>>> print(open('work-v1.txt').read())   # compact mmCIF, C-alpha atoms
# COMPACT_ATOMS: atom_id res chain seq x y z
CA MET A 1 25.00 -24.02 -30.00
CA ALA A 2 23.67 -23.03 -26.59
CA THR A 3 21.32 -20.05 -26.33
CA SER A 4 22.82 -17.05 -24.56
CA TRP A 5 20.44 -15.36 -22.11
CA THR A 6 20.92 -11.86 -20.72
CA ALA A 7 19.87 -10.45 -17.36
CA THR A 8 17.78 -7.70 -18.95
CA SER A 9 14.27 -7.60 -17.47
CA GLU A 10 11.37 -8.35 -19.82
CA ARG A 11 9.04 -6.33 -17.60
CA TRP A 12 9.91 -4.28 -14.55
CA VAL A 13 8.75 -2.04 -11.79
CA THR A 14 11.01 0.90 -10.92
CA ILE A 15 10.96 2.17 -7.33
CA ASP A 16 12.12 5.79 -6.94
CA HIS A 17 13.56 6.14 -3.44
CA SER A 18 14.15 9.87 -3.86
CA ALA A 19 10.40 10.27 -4.32
CA LEU A 20 9.80 8.11 -1.27
CA ALA A 21 12.16 10.20 0.85
CA HIS A 22 10.46 13.37 -0.38
CA ASN A 23 7.05 12.01 0.63
CA ILE A 24 8.24 10.98 4.09
CA ASP A 25 9.80 14.39 4.66
CA THR A 26 6.69 16.18 3.39
CA ILE A 27 4.42 14.19 5.70
CA ALA A 28 6.76 14.65 8.68
CA ARG A 29 6.63 18.41 8.18
CA TRP A 30 2.84 18.40 7.95
CA VAL A 31 2.26 16.44 11.14
CA LYS A 32 5.10 17.73 13.34
CA PRO A 33 5.41 17.27 16.32
CA ALA A 34 3.58 13.97 15.79
CA GLN A 35 5.77 11.03 14.81
CA VAL A 36 5.41 9.21 11.49
CA MET A 37 4.82 5.48 11.17
CA ALA A 38 5.59 4.24 7.66
CA VAL A 39 3.21 1.39 6.88
CA VAL A 40 5.06 -1.28 4.91
CA LYS A 41 2.56 -4.14 5.02
CA ALA A 42 1.85 -6.23 1.90
CA ASP A 43 5.51 -6.07 0.85
CA GLY A 44 5.48 -2.30 1.13
CA TYR A 45 2.29 -2.00 -0.94
CA GLY A 46 4.05 -4.01 -3.62
CA HIS A 47 7.15 -1.78 -3.63
CA GLY A 48 9.44 -4.04 -1.54
CA ALA A 49 9.06 -3.91 2.23
CA VAL A 50 12.69 -4.12 3.30
CA GLU A 51 13.95 -1.51 0.86
CA ILE A 52 11.02 0.82 1.55
CA ALA A 53 11.49 0.47 5.31
CA GLN A 54 15.19 1.25 5.11
CA THR A 55 14.64 4.46 3.16
CA ALA A 56 11.60 5.47 5.22
CA VAL A 57 13.57 5.31 8.46
CA ALA A 58 16.54 7.14 6.95
CA ALA A 59 14.18 9.84 5.66
CA GLY A 60 12.53 10.49 9.02
CA ALA A 61 9.93 7.86 9.80
CA THR A 62 10.36 6.86 13.45
CA TRP A 63 8.08 3.79 13.43
CA LEU A 64 7.18 1.05 10.97
CA GLY A 65 3.89 -0.80 10.67
CA THR A 66 2.85 -4.16 9.24
CA ALA A 67 -0.37 -6.13 9.29
CA HIS A 68 1.17 -9.50 10.19
CA VAL A 69 3.91 -10.51 12.61
CA ARG A 70 5.67 -12.55 9.94
CA GLU A 71 6.01 -9.39 7.84
CA ALA A 72 7.56 -7.66 10.84
CA LEU A 73 9.94 -10.57 11.49
CA ALA A 74 11.22 -10.31 7.90
CA LEU A 75 12.17 -6.70 8.60
CA ARG A 76 13.98 -7.69 11.79
CA GLU A 77 15.82 -10.43 9.87
CA ALA A 78 16.96 -7.77 7.42
CA GLY A 79 18.58 -5.86 10.29
CA ILE A 80 15.94 -3.16 10.71
CA THR A 81 15.76 -2.14 14.38
CA ALA A 82 13.23 0.72 14.30
CA PRO A 83 10.11 0.50 16.52
CA LEU A 84 7.68 -1.79 14.74
CA VAL A 85 4.00 -2.64 15.23
CA ALA A 86 1.99 -5.57 13.82
CA TRP A 87 -1.76 -5.62 14.42
CA LEU A 88 -3.61 -8.37 12.54
CA HIS A 89 -3.41 -11.80 14.20
CA THR A 90 -4.73 -15.33 13.83
CA ILE A 91 -4.51 -18.49 15.90
CA SER A 92 -1.21 -19.19 14.11
CA THR A 93 0.51 -15.85 14.81
CA PRO A 94 4.03 -16.46 16.21
CA PHE A 95 3.67 -14.25 19.29
CA GLU A 96 6.76 -15.67 21.01
CA ALA A 97 8.96 -14.69 18.06
CA ALA A 98 7.36 -11.24 18.05
CA VAL A 99 8.11 -10.66 21.72
CA ALA A 100 11.64 -12.03 21.38
CA HIS A 101 12.34 -9.66 18.47
CA ASN A 102 10.93 -6.55 20.14
CA ILE A 103 7.88 -6.25 17.89
CA ASP A 104 4.95 -4.30 19.35
CA LEU A 105 1.60 -6.03 19.04
CA GLY A 106 -1.82 -4.61 18.39
CA VAL A 107 -4.35 -6.21 20.74
CA SER A 108 -8.08 -6.21 20.09
CA GLY A 109 -9.41 -8.62 22.71
CA PRO A 110 -8.97 -12.27 23.72
CA GLU A 111 -5.58 -12.60 22.00
CA ILE A 112 -4.15 -10.67 24.92
CA GLU A 113 -3.94 -13.99 26.76
CA SER A 114 -1.88 -15.58 23.97
CA VAL A 115 0.39 -12.55 23.98
CA ALA A 116 0.78 -12.84 27.76
CA ASP A 117 1.64 -16.54 27.41
CA ALA A 118 4.29 -15.65 24.83
CA ALA A 119 5.75 -13.05 27.18
CA ARG A 120 5.99 -15.58 30.00
CA ALA A 121 7.59 -18.14 27.67
CA THR A 122 10.26 -15.69 26.54
CA ASP A 123 10.64 -14.10 29.97
CA LEU A 124 10.23 -10.69 28.35
CA PRO A 125 7.38 -8.20 28.70
CA ALA A 126 5.24 -7.87 25.58
CA ARG A 127 4.79 -4.35 24.26
CA ILE A 128 1.16 -3.89 23.22
CA HIS A 129 -1.11 -1.29 21.64
CA LEU A 130 -4.77 -1.70 22.57
CA LYS A 131 -7.20 -1.21 19.67
CA ILE A 132 -10.69 0.21 20.07
CA ASP A 133 -13.24 -0.34 17.29
CA THR A 134 -14.75 3.12 16.88
CA GLY A 135 -16.90 2.25 13.89
CA LEU A 136 -14.97 0.47 11.14
CA SER A 137 -16.24 -2.91 12.40
CA ARG A 138 -13.06 -4.83 11.68
CA ASN A 139 -10.66 -5.76 14.49
CA GLY A 140 -10.55 -3.83 17.73
CA ALA A 141 -12.62 -4.16 20.88
CA VAL A 142 -16.13 -2.74 20.63
CA PRO A 143 -16.87 -0.03 23.23
CA GLU A 144 -18.93 -2.37 25.43
CA GLU A 145 -15.90 -4.69 25.78
CA TRP A 146 -13.30 -1.95 26.11
CA ASP A 147 -13.42 -1.53 29.88
CA ALA A 148 -12.83 -5.23 30.44
CA LEU A 149 -9.90 -5.26 28.00
CA CYS A 150 -8.29 -2.29 29.75
CA ARG A 151 -8.81 -3.90 33.14
CA ARG A 152 -7.14 -7.12 31.99
CA ALA A 153 -4.27 -5.20 30.35
CA SER A 154 -3.75 -3.30 33.60
CA GLU A 155 -3.59 -6.54 35.60
CA LEU A 156 -1.04 -8.01 33.21
CA GLN A 157 1.00 -4.83 33.24
CA GLN A 158 1.07 -4.74 37.03
CA SER A 159 2.42 -8.29 37.00
CA GLY A 160 5.15 -7.32 34.54
CA VAL A 161 3.85 -9.48 31.68
CA VAL A 162 2.89 -6.71 29.28
CA ARG A 163 3.65 -3.05 28.77
CA VAL A 164 0.83 -0.97 27.26
CA VAL A 165 2.51 1.45 24.88
CA GLY A 166 -0.40 2.90 22.95
CA VAL A 167 -4.08 3.00 22.09
CA PHE A 168 -5.23 3.16 18.47
CA THR A 169 -8.16 2.91 16.08
CA HIS A 170 -8.76 3.19 12.33
CA PHE A 171 -11.07 5.50 10.40
CA ALA A 172 -13.72 4.24 8.01
CA VAL A 173 -14.45 7.29 5.83
CA ALA A 174 -11.61 9.80 6.26
CA ASP A 175 -11.14 9.71 2.48
CA ASP A 176 -14.76 10.76 1.84
CA PRO A 177 -15.36 14.52 1.52
CA VAL A 178 -18.82 14.10 3.06
CA GLY A 179 -17.64 11.82 5.88
CA GLU A 180 -16.55 14.55 8.29
CA SER A 181 -19.24 13.84 10.87
CA ASP A 182 -18.37 10.13 10.92
CA VAL A 183 -14.71 10.98 11.55
CA ASP A 184 -15.80 13.32 14.35
CA GLU A 185 -17.84 10.55 15.97
CA GLN A 186 -15.04 7.97 15.69
CA LEU A 187 -12.64 10.48 17.22
CA ARG A 188 -15.04 11.14 20.10
CA VAL A 189 -15.32 7.42 20.87
CA TYR A 190 -11.55 7.10 20.66
CA HIS A 191 -10.84 9.87 23.15
CA GLU A 192 -13.31 8.32 25.59
CA ALA A 193 -11.47 5.02 25.19
CA VAL A 194 -8.13 6.68 26.03
CA ASP A 195 -9.70 8.21 29.15
CA THR A 196 -10.93 4.76 30.20
CA ALA A 197 -7.48 3.25 29.68
CA ARG A 198 -5.92 5.92 31.86
CA LYS A 199 -8.53 5.38 34.58
CA HIS A 200 -7.26 1.81 34.74
CA GLY A 201 -3.75 3.11 35.41
CA LEU A 202 -2.44 2.63 31.87
CA THR A 203 0.02 5.23 30.65
CA VAL A 204 -0.80 5.78 27.01
CA ASP A 205 2.45 7.03 25.49
CA VAL A 206 1.46 6.76 21.83
CA ARG A 207 -2.01 7.70 20.62
CA HIS A 208 -2.43 6.94 16.93
CA VAL A 209 -5.54 7.13 14.79
CA ALA A 210 -4.68 8.96 11.55
CA ASN A 211 -4.32 6.99 8.33
CA SER A 212 -3.20 8.72 5.12
CA PRO A 213 -6.47 10.54 4.34
CA ALA A 214 -6.84 11.71 7.93
CA LEU A 215 -3.26 12.92 8.29
CA LEU A 216 -3.64 14.89 5.05
CA SER A 217 -6.99 16.49 5.85
CA ARG A 218 -7.60 16.44 9.63
CA PRO A 219 -4.83 17.96 11.79
CA ASP A 220 -6.92 17.19 14.88
CA THR A 221 -6.23 13.48 14.29
CA HIS A 222 -2.43 13.72 14.32
CA LEU A 223 -2.08 13.19 18.10
CA ASP A 224 1.23 11.48 18.99
CA MET A 225 1.76 9.54 15.76
CA VAL A 226 0.23 9.12 12.30
CA ARG A 227 0.18 5.90 10.29
CA ALA A 228 1.19 6.87 6.76
CA GLY A 229 0.37 4.19 4.24
CA VAL A 230 -0.56 5.02 0.67
CA ALA A 231 0.67 8.61 1.02
CA ILE A 232 4.32 7.61 1.43
CA TYR A 233 4.11 5.84 -1.92
CA GLY A 234 3.02 9.11 -3.55
CA LEU A 235 -0.60 8.14 -4.10
CA SER A 236 -3.61 10.27 -3.23
CA PRO A 237 -6.30 8.66 -1.07
CA PHE A 238 -8.87 11.22 -2.26
CA PRO A 239 -11.12 10.99 -5.33
CA ASP A 240 -10.95 14.74 -5.93
CA ARG A 241 -7.26 15.50 -5.29
CA THR A 242 -4.22 14.19 -7.12
CA ALA A 243 -0.85 13.31 -5.65
CA GLU A 244 0.51 16.46 -7.27
CA ASP A 245 -2.19 18.51 -5.54
CA LEU A 246 -0.89 17.13 -2.23
CA GLY A 247 2.78 17.70 -3.00
CA LEU A 248 3.49 13.97 -3.21
CA ARG A 249 5.54 12.11 -5.83
CA PRO A 250 4.55 8.64 -7.10
CA VAL A 251 7.21 6.10 -6.23
CA MET A 252 6.38 3.24 -8.62
CA SER A 253 6.65 3.04 -12.43
CA PHE A 254 5.62 -0.08 -14.39
CA GLY A 255 7.33 -0.75 -17.72
CA THR A 256 8.06 -3.33 -20.39
CA THR A 257 8.75 -3.44 -24.15
CA VAL A 258 6.71 -4.24 -27.25
CA ALA A 259 6.85 -8.00 -27.84
CA HIS A 260 5.24 -8.18 -31.31
CA ASN A 261 3.91 -5.86 -33.99
CA LYS A 262 1.69 -7.06 -36.85
CA PRO A 263 -0.88 -5.91 -39.39
CA ALA A 264 -4.63 -6.33 -38.92
CA ASP A 265 -7.49 -5.94 -41.39
CA GLU A 266 -10.77 -4.16 -40.85
CA GLY A 267 -13.07 -6.30 -38.72
CA THR A 268 -10.29 -8.33 -37.10
CA GLY A 269 -11.27 -9.46 -33.60
CA VAL A 270 -8.79 -8.79 -30.81
CA SER A 271 -8.20 -11.04 -27.79
CA TYR A 272 -10.68 -13.26 -25.94
CA GLY A 273 -14.35 -12.64 -26.55
CA TYR A 274 -13.77 -10.18 -29.39
CA SER A 275 -14.86 -7.24 -27.25
CA TYR A 276 -12.88 -5.13 -29.72
CA ARG A 277 -12.81 -5.33 -33.48
CA VAL A 278 -10.52 -3.31 -35.71
CA GLU A 279 -12.47 -0.52 -37.43
CA LYS A 280 -10.03 0.01 -40.30
CA PRO A 281 -6.70 -1.54 -41.42
CA THR A 282 -4.10 -0.96 -38.73
CA ARG A 283 -1.24 -2.51 -36.81
CA LEU A 284 -1.42 -4.15 -33.38
CA ALA A 285 1.28 -4.10 -30.72
CA LEU A 286 1.53 -6.94 -28.22
CA ILE A 287 2.46 -5.94 -24.66
CA PRO A 288 3.85 -8.84 -22.57
CA CYS A 289 2.06 -8.09 -19.28
CA GLY A 290 -1.22 -9.51 -18.06
CA TYR A 291 -3.26 -10.32 -15.02
CA ALA A 292 -0.61 -12.79 -13.81
CA ASP A 293 1.60 -9.72 -13.47
CA GLY A 294 -1.10 -7.80 -11.63
CA VAL A 295 -2.59 -5.95 -14.61
CA PRO A 296 -6.37 -5.89 -13.99
CA ARG A 297 -8.17 -8.14 -16.49
CA ILE A 298 -11.08 -5.76 -16.88
CA ALA A 299 -9.03 -2.61 -17.52
CA GLU A 300 -9.94 -2.35 -21.21
CA GLY A 301 -9.28 1.15 -22.46
CA ALA A 302 -6.60 1.91 -19.86
CA PRO A 303 -3.86 4.27 -21.09
CA VAL A 304 -0.49 3.00 -22.30
CA TRP A 305 2.59 5.02 -23.25
CA ILE A 306 4.74 3.66 -26.08
CA ASP A 307 7.89 5.62 -26.90
CA GLY A 308 6.37 9.04 -26.31
CA GLU A 309 2.89 8.36 -27.68
CA TYR A 310 -0.30 7.49 -25.82
CA TYR A 311 -2.60 4.61 -26.72
CA ARG A 312 -5.35 2.55 -25.11
CA VAL A 313 -5.60 -1.11 -24.16
CA THR A 314 -7.46 -2.85 -26.96
CA GLY A 315 -9.71 -5.78 -26.10
CA ARG A 316 -9.56 -8.04 -23.11
CA ILE A 317 -6.39 -8.34 -21.02
CA ALA A 318 -5.12 -11.93 -20.82
CA MET A 319 -3.00 -13.72 -18.25
CA ASP A 320 0.33 -12.77 -19.78
CA GLN A 321 -0.35 -10.11 -22.39
CA PHE A 322 -2.60 -7.47 -23.87
CA VAL A 323 -2.93 -5.72 -27.24
CA VAL A 324 -2.78 -2.08 -28.31
CA ASP A 325 -4.28 -0.78 -31.56
CA LEU A 326 -1.62 1.58 -32.93
CA HIS A 327 -4.08 3.25 -35.33
CA THR A 328 -1.41 3.51 -37.99
CA ASP A 329 -1.14 2.41 -41.61
CA ARG A 330 -1.26 -1.36 -41.99
CA ALA A 331 2.06 -1.34 -43.86
CA ASP A 332 3.84 1.04 -41.45
CA ASP A 333 5.99 -1.18 -39.23
CA SER A 334 8.08 1.76 -38.03
CA THR A 335 5.63 2.67 -35.27
CA ALA A 336 6.28 0.82 -32.01
CA PRO A 337 8.58 -1.88 -33.40
CA VAL A 338 9.54 -4.87 -31.28
CA GLY A 339 11.67 -3.76 -28.34
CA THR A 340 10.16 -0.28 -28.02
CA THR A 341 9.81 0.90 -24.42
CA VAL A 342 6.32 0.78 -22.93
CA GLU A 343 5.04 2.28 -19.69
CA LEU A 344 1.70 1.42 -18.14
CA PHE A 345 2.06 4.12 -15.49
CA GLY A 346 4.94 6.06 -14.04
CA SER A 347 7.37 8.92 -14.32
CA LYS A 348 8.20 8.73 -18.05
CA SER A 349 4.61 8.70 -19.21
CA GLY A 350 3.05 10.77 -16.46
CA ILE A 351 0.23 8.23 -16.40
CA PRO A 352 -0.89 7.80 -12.78
CA SER A 353 -1.84 4.43 -11.37
CA ASP A 354 -5.19 6.12 -10.73
CA ALA A 355 -5.91 5.86 -14.47
CA TRP A 356 -5.63 2.08 -14.31
CA ALA A 357 -7.72 2.09 -11.15
CA GLN A 358 -10.44 4.04 -12.91
CA ALA A 359 -10.37 1.71 -15.91
CA SER A 360 -10.79 -1.32 -13.66
CA GLY A 361 -13.25 0.11 -11.13
CA SER A 362 -10.69 -0.10 -8.35
CA ILE A 363 -8.36 2.19 -6.34
CA ASN A 364 -4.72 3.13 -6.78
CA TYR A 365 -3.80 1.20 -3.60
CA GLU A 366 -4.79 -2.05 -5.30
CA ILE A 367 -3.07 -1.32 -8.60
CA VAL A 368 0.40 -0.99 -7.06
CA THR A 369 -0.07 -3.70 -4.43
CA ARG A 370 -1.17 -6.38 -6.88
CA ILE A 371 1.88 -6.24 -9.21
CA GLY A 372 3.05 -9.85 -9.33
CA ALA A 373 6.25 -11.48 -8.14
CA ARG A 374 7.48 -12.23 -11.67
CA VAL A 375 7.85 -8.49 -12.26
CA PRO A 376 11.25 -7.57 -10.78
CA ARG A 377 11.58 -4.43 -8.67
CA ILE A 378 14.40 -2.13 -9.70
CA HIS A 379 15.30 0.17 -6.81
CA GLN A 380 16.61 3.61 -7.72
CA GLN A 381 18.35 4.65 -4.55
CA TRP A 382 17.80 7.91 -2.74
CA VAL A 383 20.50 10.40 -3.80
>>> encode(input="work-v1.txt", output="structure tokens")
Amino acid sequence: MATSWTATSERWVTIDHSALAHNIDTIARWVKPAQVMAVVKADGYGHGAVEIAQTAVAAGATWLGTAHVREALALREAGITAPLVAWLHTISTPFEAAVAHNIDLGVSGPEIESVADAARATDLPARIHLKIDTGLSRNGAVPEEWDALCRRASELQQSGVVRVVGVFTHFAVADDPVGESDVDEQLRVYHEAVDTARKHGLTVDVRHVANSPALLSRPDTHLDMVRAGVAIYGLSPFPDRTAEDLGLRPVMSFGTTVAHNKPADEGTGVSYGYSYRVEKPTRLALIPCGYADGVPRIAEGAPVWIDGEYYRVTGRIAMDQFVVDLHTDRADDSTAPVGTTVELFGSKSGIPSDAWAQASGSINYEIVTRIGARVPRIHQQWV
């Protein structure tokens, strides 16, 4: 007799679009009259780029941002027509496709020639945003090269090959309570860069510098547009303020069910390396999620919610699973039986992704972004 399989998910991530819309609206109110760019790179921080982009635009975001052009092209293929910027390029970036699909391009230096070639090949002007490196030391032209980049952009604009839309930069320490002076200095360098661009005849329509921590804490960085990343997903970028403190609602919840429940004697070693041994007779619940699903391997002791009760990860997390000591009587199989709902973080448990970040020595950005492809996303639509 053939086995009958159901479509029920064995593990899942739930995406709350009402929370997302709330966050977009909250940010838009904070930064008005500045526009809001919703950053949906890395598959919308693991939430699903297309679905996140659709709700973000409907909720008031006027721009979208991605790191790579191919991420932006996927949004265009899904029918999303909102203004869209991609800013991280390699020698293999498909600039011609970007120009043809009306994708704005961040330009940091020599790639401006490849962008110009793509514009000539498509017979369309390329829309570009020049990036100045004000101190983060990633992409962007350093100040000593900025004048030459502006001069070249002006020449190409005068010939109709490019259209300079904006000038931008990125902050290094806007999430650090003691980093105020560094933000001030980066902002000073940025404003000088905008003045230089204008001296070369470039009309800078969109000035954008504020990432999530800056838009939440430094109104002087809002300018014409803010780039809202982690904040739209309801996560705090600050170590000393929660999402609730900021009026934001977490968008992602990560759940599964108990896969096995069995007795264990005192002294029983749990998982690889026996970093945990049972202190007294108990029962162990097996949770079918591991580092292949994006659960950090080193997050021993992270909180877990099982049917209304809170427990801790017991022993080392494996590729596909981890164990929870239920601290119950060895003979009591009524606690957390097979099939019981489990939440690692999310709305049912109230456990924030920050708790898993703390347990693994990471940040909440990474926890949500790393959830693997074999964990299906269930989108709860904005009502």
>>> residues_around(input="work-v1.txt", residues="Ile371 (chain A)", least_positions_apart="5", cutoff="8 Å", atoms="only C-alpha atoms", output="mmCIF file with C-alpha atoms, in the frame of the given file")
data_model
loop_
_atom_site.group_PDB
_atom_site.id
_atom_site.type_symbol
_atom_site.label_atom_id
_atom_site.label_comp_id
_atom_site.auth_asym_id
_atom_site.auth_seq_id
_atom_site.Cartn_x
_atom_site.Cartn_y
_atom_site.Cartn_z
ATOM 1 C CA GLY A 46 4.050 -4.010 -3.620
ATOM 2 C CA ASP A 293 1.600 -9.720 -13.470
ATOM 3 C CA GLY A 294 -1.100 -7.800 -11.630
ATOM 4 C CA VAL A 295 -2.590 -5.950 -14.610
#
>>> residues_around(input="work-v1.txt", residues="Ile128 (chain A)", least_positions_apart="3", cutoff="9 Å", atoms="all atoms listed in the file", output="JSON, numbers by chain")
{"A": [85, 103, 104, 105, 106, 107, 112, 115, 162, 163, 164, 165, 166, 167]}
>>> residues_around(input="work-v1.txt", residues="Asp265 (chain A)", least_positions_apart="3", cutoff="12 Å", atoms="all atoms listed in the file", output="PyMOL selection string")
chain A and resi 262+268-270+277-284+325+327-331
>>> residues_around(input="work-v1.txt", residues="Gly60 (chain A)", least_positions_apart="4", cutoff="8 Å", atoms="all atoms listed in the file", output="ChimeraX atom specification")
/A:24-25,28,36,56
>>> closest_residue(input="work-v1.txt", among="A:Ala228, A:Val375, A:Ala61, A:Cys289", to="Val39 (chain A)", atoms="only C-alpha atoms")
A:Ala228
>>> residues_around(input="work-v1.txt", residues="Phe238 (chain A)", least_positions_apart="6", cutoff="10 Å", atoms="only C-alpha atoms", output="ChimeraX atom specification")
/A:174-177,212-213,216-217,246,363
